[in-house]
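Data block for coords_6.cif (mmCIF, C-alpha atoms (C1' of nucleotides)):
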data_upload
#
loop_
_atom_site.label_atom_id
_atom_site.label_comp_id
_atom_site.auth_asym_id
_atom_site.auth_seq_id
_atom_site.Cartn_x
_atom_site.Cartn_y
_atom_site.Cartn_z
CA MET A 75 119.99 99.22 65.23
CA ALA A 76 121.32 96.33 63.24
CA GLY A 77 121.97 98.09 59.94
CA ASN A 78 124.32 95.98 57.91
CA LYS A 79 127.91 97.03 58.50
CA LYS A 80 129.32 93.85 57.08
CA HIS A 81 130.61 95.71 54.03
CA LYS A 82 132.90 97.55 56.39
CA PHE A 83 134.94 94.43 56.90
CA SER A 84 136.97 92.29 54.51
CA GLU A 85 135.68 89.38 52.48
CA ARG A 86 137.86 87.11 54.55
CA GLU A 87 136.52 88.34 57.86
CA ASN A 88 132.99 87.95 56.58
CA GLU A 89 133.66 84.44 55.33
CA ILE A 90 135.09 83.32 58.66
CA ALA A 91 132.16 84.88 60.52
CA MET A 92 129.69 83.25 58.15
CA LEU A 93 131.15 79.79 58.71
CA ALA A 94 131.41 80.33 62.46
CA LYS A 95 127.79 81.40 62.57
CA ALA A 96 126.76 78.10 61.00
CA LEU A 97 128.52 76.36 63.89
CA ALA A 98 127.12 78.69 66.53
CA HIS A 99 124.30 76.49 67.77
CA PRO A 100 124.51 73.19 69.66
CA ALA A 101 121.78 71.61 67.51
CA ARG A 102 123.78 72.33 64.38
CA ILE A 103 126.94 70.86 65.92
CA TYR A 104 124.96 67.77 66.82
CA LEU A 105 123.41 67.48 63.36
CA LEU A 106 126.73 68.07 61.65
CA GLU A 107 128.52 65.42 63.66
CA THR A 108 125.72 62.93 63.16
CA ILE A 109 125.79 63.49 59.41
CA SER A 110 129.57 63.24 59.52
CA LYS A 111 129.63 60.01 61.52
CA ARG A 112 127.13 58.14 59.41
CA LYS A 113 128.32 59.57 56.12
CA PHE A 114 124.77 59.60 54.81
CA VAL A 115 121.69 60.46 56.82
CA SER A 116 118.14 61.38 55.90
CA LEU A 117 116.23 64.16 57.56
CA TRP A 118 113.69 61.67 58.75
CA GLU A 119 116.41 59.82 60.64
CA LEU A 120 117.66 63.07 62.14
CA VAL A 121 114.14 63.85 63.31
CA THR A 122 113.91 60.53 65.14
CA ILE A 123 117.15 61.09 67.10
CA THR A 124 117.09 64.86 67.69
CA PRO A 125 115.07 66.47 70.51
CA LEU A 126 113.58 69.12 68.26
CA ALA A 127 110.54 69.36 65.99
CA GLN A 128 110.83 68.47 62.33
CA ALA A 129 110.32 72.07 61.23
CA THR A 130 113.13 73.23 63.49
CA ILE A 131 115.55 70.59 62.30
CA SER A 132 114.73 71.44 58.71
CA GLN A 133 115.56 75.06 59.53
CA HIS A 134 118.95 74.21 61.06
CA ILE A 135 119.76 71.96 58.12
CA LYS A 136 118.99 74.87 55.83
CA GLU A 137 121.58 76.94 57.68
CA LEU A 138 124.21 74.25 57.28
CA LEU A 139 123.37 73.99 53.58
CA LYS A 140 123.58 77.77 53.17
CA ALA A 141 127.05 77.80 54.69
CA GLY A 142 128.01 74.97 52.35
CA LEU A 143 129.06 72.63 55.15
CA ILE A 144 126.67 69.92 53.97
CA GLU A 145 125.07 68.87 50.73
CA VAL A 146 121.84 67.06 49.94
CA ILE A 147 121.28 64.19 47.56
CA GLN A 148 117.66 63.31 46.91
CA GLN A 149 116.91 59.62 46.98
CA GLY A 150 113.28 59.06 46.31
CA PRO A 151 111.31 60.80 49.03
CA PHE A 152 114.40 61.05 51.24
CA SER A 153 116.87 63.91 51.54
CA ASN A 154 120.22 62.38 52.27
CA PHE A 155 122.84 64.67 53.68
CA HIS A 156 126.60 64.44 53.73
CA THR A 157 129.40 66.84 54.57
CA ARG A 158 131.32 68.85 51.98
CA PRO A 159 135.06 68.27 52.37
CA GLU A 160 136.09 71.34 50.37
CA VAL A 161 134.32 73.66 52.77
CA PHE A 162 135.83 72.00 55.82
CA GLY A 163 139.20 72.42 54.12
CA ARG A 164 138.40 76.08 53.67
CA LEU A 165 137.41 76.34 57.33
CA GLU A 166 140.73 74.83 58.32
CA LYS A 167 142.62 77.19 56.08
CA LEU A 168 140.86 80.22 57.54
CA LEU A 169 140.65 79.26 61.19
CA LEU A 170 143.78 77.27 61.91
CA PRO A 171 146.21 80.17 61.44
CA ILE A 172 144.26 82.21 63.97
CA ILE A 173 144.13 79.34 66.44
CA ARG A 174 147.77 78.40 65.96
CA LYS A 175 148.94 81.95 66.40
CA ASN A 176 147.18 82.31 69.72
CA LYS A 177 147.10 78.91 71.30
CA ARG A 178 149.29 77.81 74.14
CA MET B 195 109.56 80.74 69.98
CA ALA B 196 113.18 80.56 71.11
CA GLY B 197 112.73 78.74 74.41
CA ASN B 198 116.07 77.48 75.54
CA LYS B 199 116.66 73.95 74.31
CA LYS B 200 120.37 74.10 74.95
CA HIS B 201 120.02 71.67 77.84
CA LYS B 202 118.93 69.13 75.29
CA PHE B 203 122.44 68.95 73.92
CA SER B 204 125.74 67.92 75.45
CA GLU B 205 128.13 70.17 77.32
CA ARG B 206 130.61 69.68 74.53
CA GLU B 207 128.18 70.70 71.79
CA ASN B 208 127.21 73.76 73.80
CA GLU B 209 130.83 74.71 74.36
CA ILE B 210 131.69 74.47 70.67
CA ALA B 211 128.61 76.50 69.77
CA MET B 212 129.45 79.10 72.40
CA LEU B 213 132.97 79.59 71.04
CA ALA B 214 131.77 79.62 67.45
CA LYS B 215 129.19 82.26 68.32
CA ALA B 216 131.94 84.52 69.60
CA LEU B 217 133.58 84.23 66.18
CA ALA B 218 130.34 84.67 64.28
CA HIS B 219 130.70 88.35 63.44
CA PRO B 220 133.21 90.02 61.11
CA ALA B 221 133.83 92.84 63.56
CA ARG B 222 134.85 90.35 66.24
CA ILE B 223 137.15 88.54 63.83
CA TYR B 224 138.73 91.86 62.98
CA LEU B 225 139.07 92.89 66.63
CA LEU B 226 140.45 89.51 67.61
CA GLU B 227 143.08 89.52 64.90
CA THR B 228 144.08 93.08 65.67
CA ILE B 229 144.50 92.25 69.34
CA SER B 230 146.39 89.12 68.35
CA LYS B 231 148.75 90.90 65.97
CA ARG B 232 149.71 93.69 68.29
CA LYS B 233 149.78 91.53 71.40
CA PHE B 234 148.44 94.39 73.46
CA VAL B 235 145.85 96.93 72.34
CA SER B 236 143.69 99.43 74.16
CA LEU B 237 140.04 99.94 73.35
CA TRP B 238 140.78 103.51 72.42
CA GLU B 239 143.16 102.29 69.74
CA LEU B 240 140.57 99.82 68.49
CA VAL B 241 138.03 102.64 68.26
CA THR B 242 140.37 104.70 66.08
CA ILE B 243 140.88 101.89 63.55
CA THR B 244 137.47 100.19 63.50
CA PRO B 245 134.52 101.53 61.48
CA LEU B 246 132.06 101.23 64.35
CA ALA B 247 131.00 103.42 67.25
CA GLN B 248 132.76 103.13 70.59
CA ALA B 249 129.71 101.67 72.30
CA THR B 250 129.41 98.99 69.64
CA ILE B 251 133.07 98.03 69.85
CA SER B 252 132.81 97.85 73.62
CA GLN B 253 129.87 95.49 73.16
CA HIS B 254 131.78 93.18 70.79
CA ILE B 255 134.76 93.17 73.12
CA LYS B 256 132.43 92.12 75.91
CA GLU B 257 131.37 89.11 73.83
CA LEU B 258 134.98 88.10 73.25
CA LEU B 259 135.66 88.44 76.97
CA LYS B 260 132.58 86.39 77.83
CA ALA B 261 133.77 83.59 75.58
CA GLY B 262 137.18 83.81 77.22
CA LEU B 263 139.02 84.42 73.97
CA ILE B 264 140.57 87.63 75.29
CA GLU B 265 141.50 89.09 78.63
CA VAL B 266 141.80 92.65 79.87
CA ILE B 267 144.55 94.22 81.89
CA GLN B 268 143.84 97.68 83.20
CA GLN B 269 146.68 100.13 82.81
CA GLY B 270 145.68 103.46 84.22
CA PRO B 271 142.72 104.68 82.24
CA PHE B 272 143.38 102.17 79.46
CA SER B 273 141.92 98.72 79.01
CA ASN B 274 144.58 96.63 77.35
CA PHE B 275 143.45 93.45 75.70
CA HIS B 276 145.32 90.32 74.79
CA THR B 277 144.34 86.85 73.66
CA ARG B 278 144.06 83.85 76.01
CA PRO B 279 146.15 80.95 74.70
CA GLU B 280 144.39 78.31 76.82
CA VAL B 281 141.05 79.05 75.21
CA PHE B 282 142.47 78.96 71.71
CA GLY B 283 144.00 75.63 72.64
CA ARG B 284 140.59 74.48 73.74
CA LEU B 285 139.09 75.69 70.48
CA GLU B 286 141.65 73.69 68.56
CA LYS B 287 140.97 70.60 70.61
CA LEU B 288 137.24 70.86 70.02
CA LEU B 289 137.14 72.01 66.42
CA LEU B 290 140.11 70.36 64.74
CA PRO B 291 138.80 66.80 65.04
CA ILE B 292 135.58 67.84 63.32
CA ILE B 293 137.44 69.67 60.58
CA ARG B 294 139.99 66.91 60.09
CA LYS B 295 137.35 64.24 59.89
CA ASN B 296 135.49 66.03 57.12
CA LYS B 297 138.04 67.98 55.15
CA ARG B 298 139.31 66.97 51.76
"C1'" DA C 42 93.38 59.83 41.10
"C1'" DT C 43 93.95 58.63 45.97
"C1'" DG C 44 96.57 57.78 49.85
"C1'" DC C 45 100.76 57.81 52.28
"C1'" DC C 46 105.09 59.30 53.77
"C1'" DA C 47 109.26 62.54 53.83
"C1'" DA C 48 110.56 67.13 53.61
"C1'" DA C 49 110.09 72.03 52.96
"C1'" DT C 50 107.84 76.18 53.80
"C1'" DC C 51 104.52 79.51 56.09
"C1'" DG C 52 103.07 82.17 59.84
"C1'" DC C 53 103.48 83.49 64.16
"C1'" DA C 54 105.48 84.33 68.92
"C1'" DT C 55 109.39 85.17 71.50
"C1'" DA C 56 114.42 85.74 72.26
"C1'" DT C 57 118.69 87.38 71.05
"C1'" DT C 58 121.88 90.28 68.42
"C1'" DT C 59 123.48 94.44 66.50
"C1'" DG C 60 124.16 99.36 66.52
"C1'" DC C 61 124.55 103.69 68.54
"C1'" DG C 62 123.55 108.17 71.08
"C1'" DA C 63 123.60 109.51 75.59
"C1'" DT C 64 125.02 109.02 80.02
"C1'" DA C 65 127.72 107.24 83.76
"C1'" DT C 66 131.98 105.69 85.64
"C1'" DA C 67 137.00 105.45 86.38
"C1'" DC C 68 141.46 107.23 86.23
"C1'" DG C 69 145.28 110.69 85.88
"C1'" DA C 70 146.78 115.27 85.85
"C1'" DT C 71 146.43 119.87 87.50
"C1'" DA D 277 137.85 119.57 93.56
"C1'" DT D 278 137.88 120.09 88.58
"C1'" DC D 279 138.97 118.93 84.02
"C1'" DG D 280 140.01 115.82 80.26
"C1'" DT D 281 140.40 111.36 78.47
"C1'" DA D 282 139.16 106.35 78.20
"C1'" DT D 283 135.64 102.79 79.03
"C1'" DA D 284 131.53 100.84 80.36
"C1'" DT D 285 126.74 100.81 80.59
"C1'" DC D 286 121.81 102.24 79.62
"C1'" DG D 287 117.99 102.53 76.77
"C1'" DC D 288 116.11 102.30 72.66
"C1'" DA D 289 115.17 100.72 67.64
"C1'" DA D 290 115.62 97.51 64.21
"C1'" DA D 291 117.28 93.10 62.46
"C1'" DT D 292 117.95 88.41 62.90
"C1'" DA D 293 117.55 83.84 65.09
"C1'" DT D 294 114.97 80.18 67.29
"C1'" DG D 295 111.10 77.08 67.79
"C1'" DC D 296 107.09 74.89 66.34
"C1'" DG D 297 102.17 73.89 64.73
"C1'" DA D 298 100.04 73.84 60.50
"C1'" DT D 299 100.12 73.54 55.80
"C1'" DT D 300 102.14 72.59 51.40
"C1'" DT D 301 104.98 70.18 48.28
"C1'" DG D 302 107.07 66.14 46.12
"C1'" DG D 303 107.66 61.34 45.32
"C1'" DC D 304 106.14 56.57 45.44
"C1'" DA D 305 102.88 53.07 45.49
"C1'" DT D 306 98.37 51.23 44.57
#

Translate this structure into structure tokens?
Amino acid sequence: MAGNKKHKFSERENEIAMLAKALAHPARIYLLETISKRKFVSLWELVTITPLAQATISQHIKELLKAGLIEVIQQGPFSNFHTRPEVFGRLEKLLLPIIRKNKR
Amino acid sequence: MAGNKKHKFSERENEIAMLAKALAHPARIYLLETISKRKFVSLWELVTITPLAQATISQHIKELLKAGLIEVIQQGPFSNFHTRPEVFGRLEKLLLPIIRKNKR
DNA sequence: ATGCCAAATCGCATATTTGCGATATACGAT
DNA sequence: ATCGTATATCGCAAATATGCGATTTGGCAT
């Protein structure tokens, strides 16, 4: 079964896996890049341009928030999202060495 | 339900997600780095140093193979794994722009 | 308070992932 | 051919992820 064996691996390995998991769905890549491009996007706007139901988009956004890749700033009835530079820096710090070591 | 909506997103988004998914488990990060460090490792060796059952490790290795991150070369009864530089290069090409654009 | 809109959450169905014991397969040595 | 070792695969159980309709929540205006 899927009994949690995560404690068997290092904090670092778990952190990399956690961040990678947040990126492991095309909808989340799309949402992330849209938020990134526009700097500031509301969920309502994401709903209008994404081929998924509002509930589903809300769910994916929650995943991105949980991983810390994006942040929300409430503006009236709107949730405005933007990316969190520190966490992308962390991602670079964790992932680049692995990529660099193995890339052609 | 989880009906496949992947076709609703671009090839590129799907490729990034596919590679990220391969990295989205601490055991796979651990296996990948071990294979990377030693340049050439058999599954038997991985089994002796990884806190998971042989069947489970075999499964994770299969995921890494499917994503193209590693390759196997049979040597007698041993499966020797090594990383695939082209695919890490691809990963860099796809992921770095996103990271760079958003990092602090 | 009522109505309206954006967003989050609930509840459910289905799909996929994770883990492993058991079994099957492949290879080398004898 | 038989044995021993190394891997892969099967079959199952449980956990988690995905998707969405329906409902709830929160804010703003009137």

For the structure shown, which residues end up in the PyMOL selection byres ((chain B) within 10 of (chain A))? Put them as a VMD selection string, please? chain B and resid 199 to 224 226 to 227 230 to 231 233 244 to 246 263 276 to 286 289 to 290 292 to 298

Please give chain B as a PDB file with C-alpha atoms, in the frame of the given file, after it has been superposed on chain A by least squares over all Cα atoms paired in order.
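result10.pdb written:
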ATOM      1  CA  MET B 195     119.874  99.309  65.232  1.00  0.00           C
ATOM      2  CA  ALA B 196     121.402  96.426  63.291  1.00  0.00           C
ATOM      3  CA  GLY B 197     122.023  98.150  59.968  1.00  0.00           C
ATOM      4  CA  ASN B 198     124.357  96.033  57.946  1.00  0.00           C
ATOM      5  CA  LYS B 199     127.951  97.069  58.523  1.00  0.00           C
ATOM      6  CA  LYS B 200     129.345  93.881  57.078  1.00  0.00           C
ATOM      7  CA  HIS B 201     130.631  95.759  54.046  1.00  0.00           C
ATOM      8  CA  LYS B 202     132.913  97.584  56.412  1.00  0.00           C
ATOM      9  CA  PHE B 203     134.958  94.453  56.907  1.00  0.00           C
ATOM     10  CA  SER B 204     136.986  92.314  54.540  1.00  0.00           C
ATOM     11  CA  GLU B 205     135.693  89.414  52.492  1.00  0.00           C
ATOM     12  CA  ARG B 206     137.865  87.129  54.550  1.00  0.00           C
ATOM     13  CA  GLU B 207     136.512  88.356  57.884  1.00  0.00           C
ATOM     14  CA  ASN B 208     132.976  87.983  56.579  1.00  0.00           C
ATOM     15  CA  GLU B 209     133.657  84.473  55.339  1.00  0.00           C
ATOM     16  CA  ILE B 210     135.088  83.341  58.668  1.00  0.00           C
ATOM     17  CA  ALA B 211     132.154  84.892  60.512  1.00  0.00           C
ATOM     18  CA  MET B 212     129.689  83.264  58.134  1.00  0.00           C
ATOM     19  CA  LEU B 213     131.157  79.801  58.706  1.00  0.00           C
ATOM     20  CA  ALA B 214     131.406  80.330  62.446  1.00  0.00           C
ATOM     21  CA  LYS B 215     127.768  81.395  62.551  1.00  0.00           C
ATOM     22  CA  ALA B 216     126.762  78.099  60.992  1.00  0.00           C
ATOM     23  CA  LEU B 217     128.526  76.355  63.876  1.00  0.00           C
ATOM     24  CA  ALA B 218     127.120  78.679  66.508  1.00  0.00           C
ATOM     25  CA  HIS B 219     124.293  76.466  67.729  1.00  0.00           C
ATOM     26  CA  PRO B 220     124.509  73.168  69.627  1.00  0.00           C
ATOM     27  CA  ALA B 221     121.796  71.600  67.501  1.00  0.00           C
ATOM     28  CA  ARG B 222     123.797  72.295  64.350  1.00  0.00           C
ATOM     29  CA  ILE B 223     126.942  70.858  65.905  1.00  0.00           C
ATOM     30  CA  TYR B 224     124.978  67.765  66.809  1.00  0.00           C
ATOM     31  CA  LEU B 225     123.413  67.472  63.350  1.00  0.00           C
ATOM     32  CA  LEU B 226     126.731  68.056  61.636  1.00  0.00           C
ATOM     33  CA  GLU B 227     128.520  65.409  63.650  1.00  0.00           C
ATOM     34  CA  THR B 228     125.720  62.922  63.157  1.00  0.00           C
ATOM     35  CA  ILE B 229     125.794  63.466  59.410  1.00  0.00           C
ATOM     36  CA  SER B 230     129.572  63.218  59.513  1.00  0.00           C
ATOM     37  CA  LYS B 231     129.636  59.990  61.507  1.00  0.00           C
ATOM     38  CA  ARG B 232     127.131  58.124  59.426  1.00  0.00           C
ATOM     39  CA  LYS B 233     128.323  59.539  56.121  1.00  0.00           C
ATOM     40  CA  PHE B 234     124.783  59.589  54.825  1.00  0.00           C
ATOM     41  CA  VAL B 235     121.678  60.438  56.837  1.00  0.00           C
ATOM     42  CA  SER B 236     118.133  61.339  55.912  1.00  0.00           C
ATOM     43  CA  LEU B 237     116.235  64.132  57.595  1.00  0.00           C
ATOM     44  CA  TRP B 238     113.695  61.632  58.802  1.00  0.00           C
ATOM     45  CA  GLU B 239     116.427  59.802  60.679  1.00  0.00           C
ATOM     46  CA  LEU B 240     117.679  63.066  62.144  1.00  0.00           C
ATOM     47  CA  VAL B 241     114.153  63.859  63.325  1.00  0.00           C
ATOM     48  CA  THR B 242     113.921  60.539  65.169  1.00  0.00           C
ATOM     49  CA  ILE B 243     117.152  61.117  67.115  1.00  0.00           C
ATOM     50  CA  THR B 244     117.097  64.880  67.714  1.00  0.00           C
ATOM     51  CA  PRO B 245     115.071  66.499  70.516  1.00  0.00           C
ATOM     52  CA  LEU B 246     113.573  69.162  68.270  1.00  0.00           C
ATOM     53  CA  ALA B 247     110.546  69.411  66.010  1.00  0.00           C
ATOM     54  CA  GLN B 248     110.831  68.490  62.348  1.00  0.00           C
ATOM     55  CA  ALA B 249     110.332  72.066  61.201  1.00  0.00           C
ATOM     56  CA  THR B 250     113.116  73.262  63.474  1.00  0.00           C
ATOM     57  CA  ILE B 251     115.544  70.597  62.306  1.00  0.00           C
ATOM     58  CA  SER B 252     114.727  71.426  58.707  1.00  0.00           C
ATOM     59  CA  GLN B 253     115.547  75.047  59.505  1.00  0.00           C
ATOM     60  CA  HIS B 254     118.940  74.195  61.044  1.00  0.00           C
ATOM     61  CA  ILE B 255     119.760  71.946  58.115  1.00  0.00           C
ATOM     62  CA  LYS B 256     118.986  74.850  55.816  1.00  0.00           C
ATOM     63  CA  GLU B 257     121.581  76.942  57.660  1.00  0.00           C
ATOM     64  CA  LEU B 258     124.209  74.236  57.259  1.00  0.00           C
ATOM     65  CA  LEU B 259     123.377  73.993  53.562  1.00  0.00           C
ATOM     66  CA  LYS B 260     123.568  77.766  53.161  1.00  0.00           C
ATOM     67  CA  ALA B 261     127.032  77.790  54.683  1.00  0.00           C
ATOM     68  CA  GLY B 262     128.004  74.963  52.352  1.00  0.00           C
ATOM     69  CA  LEU B 263     129.042  72.633  55.147  1.00  0.00           C
ATOM     70  CA  ILE B 264     126.667  69.917  53.951  1.00  0.00           C
ATOM     71  CA  GLU B 265     125.066  68.863  50.714  1.00  0.00           C
ATOM     72  CA  VAL B 266     121.845  67.045  49.928  1.00  0.00           C
ATOM     73  CA  ILE B 267     121.267  64.185  47.562  1.00  0.00           C
ATOM     74  CA  GLN B 268     117.662  63.298  46.926  1.00  0.00           C
ATOM     75  CA  GLN B 269     116.911  59.603  46.982  1.00  0.00           C
ATOM     76  CA  GLY B 270     113.265  59.042  46.298  1.00  0.00           C
ATOM     77  CA  PRO B 271     111.329  60.734  49.047  1.00  0.00           C
ATOM     78  CA  PHE B 272     114.425  61.002  51.240  1.00  0.00           C
ATOM     79  CA  SER B 273     116.850  63.876  51.544  1.00  0.00           C
ATOM     80  CA  ASN B 274     120.229  62.367  52.256  1.00  0.00           C
ATOM     81  CA  PHE B 275     122.842  64.661  53.679  1.00  0.00           C
ATOM     82  CA  HIS B 276     126.593  64.441  53.709  1.00  0.00           C
ATOM     83  CA  THR B 277     129.406  66.818  54.556  1.00  0.00           C
ATOM     84  CA  ARG B 278     131.339  68.838  51.952  1.00  0.00           C
ATOM     85  CA  PRO B 279     135.081  68.262  52.348  1.00  0.00           C
ATOM     86  CA  GLU B 280     136.089  71.354  50.352  1.00  0.00           C
ATOM     87  CA  VAL B 281     134.312  73.658  52.767  1.00  0.00           C
ATOM     88  CA  PHE B 282     135.823  71.996  55.805  1.00  0.00           C
ATOM     89  CA  GLY B 283     139.177  72.420  54.111  1.00  0.00           C
ATOM     90  CA  ARG B 284     138.387  76.073  53.676  1.00  0.00           C
ATOM     91  CA  LEU B 285     137.406  76.334  57.324  1.00  0.00           C
ATOM     92  CA  GLU B 286     140.721  74.832  58.322  1.00  0.00           C
ATOM     93  CA  LYS B 287     142.619  77.200  56.086  1.00  0.00           C
ATOM     94  CA  LEU B 288     140.851  80.213  57.542  1.00  0.00           C
ATOM     95  CA  LEU B 289     140.629  79.248  61.191  1.00  0.00           C
ATOM     96  CA  LEU B 290     143.772  77.255  61.910  1.00  0.00           C
ATOM     97  CA  PRO B 291     146.189  80.156  61.443  1.00  0.00           C
ATOM     98  CA  ILE B 292     144.233  82.195  63.976  1.00  0.00           C
ATOM     99  CA  ILE B 293     144.110  79.325  66.439  1.00  0.00           C
ATOM    100  CA  ARG B 294     147.753  78.397  65.958  1.00  0.00           C
ATOM    101  CA  LYS B 295     148.917  81.945  66.396  1.00  0.00           C
ATOM    102  CA  ASN B 296     147.162  82.302  69.732  1.00  0.00           C
ATOM    103  CA  LYS B 297     147.072  78.884  71.311  1.00  0.00           C
ATOM    104  CA  ARG B 298     149.285  77.813  74.154  1.00  0.00           C
TER     105      ARG B 298
END

Name the residues that the PyMOL selection byres ((chain D and resi 286-303) around 10) pulls out of this structure, and write them as an MDAnalysis selection string. (chainID A and resid 75:78 126:131 133:134 149:152) or (chainID B and resid 195:199) or (chainID C and resid 46:65) or (chainID D and resid 284:285 304:305)

Hey, can you check how far atom CA of A:Gln148 sits from atom CA of A:Arg112?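 Rounded to one decimal, the two atoms are 16.5 Å apart.
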
If I take atom C1' of D:DA282 and atom CA of B:Trp238, how far is one from the other in Å, to one decimal?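 Separation of atom C1' of D:DA282 and atom CA of B:Trp238: 6.6 Å.
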
Hey, could you pull the box centre and edge lengths for stretch 290-298 of chain D, axis-aligned, 4 Å padding per side, all listed atoms, to one decimal in Å, as JSON?
{"center_x": 109.0, "center_y": 85.7, "center_z": 64.1, "size_x": 25.9, "size_y": 31.7, "size_z": 15.3}

Mind giving me the straight-line distance from atom CA of B:Glu239 to atom CA of B:Gly262 in Å, one decimal? 20.8 Å

Taking the file above as input, evaluate the PyMOL selection byres ((chain D and resi 278) around 12) and report the hits as a list in words. DA70 and DT71 of chain C; DA277, DC279 and DG280 of chain D

Proximity to chain C - best of B:Thr228, B:Phe234, B:Ile264, B:Ser252, all atoms listed in the file: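 With all atoms listed in the file as the atom set, the closest residue is B:Ser252.
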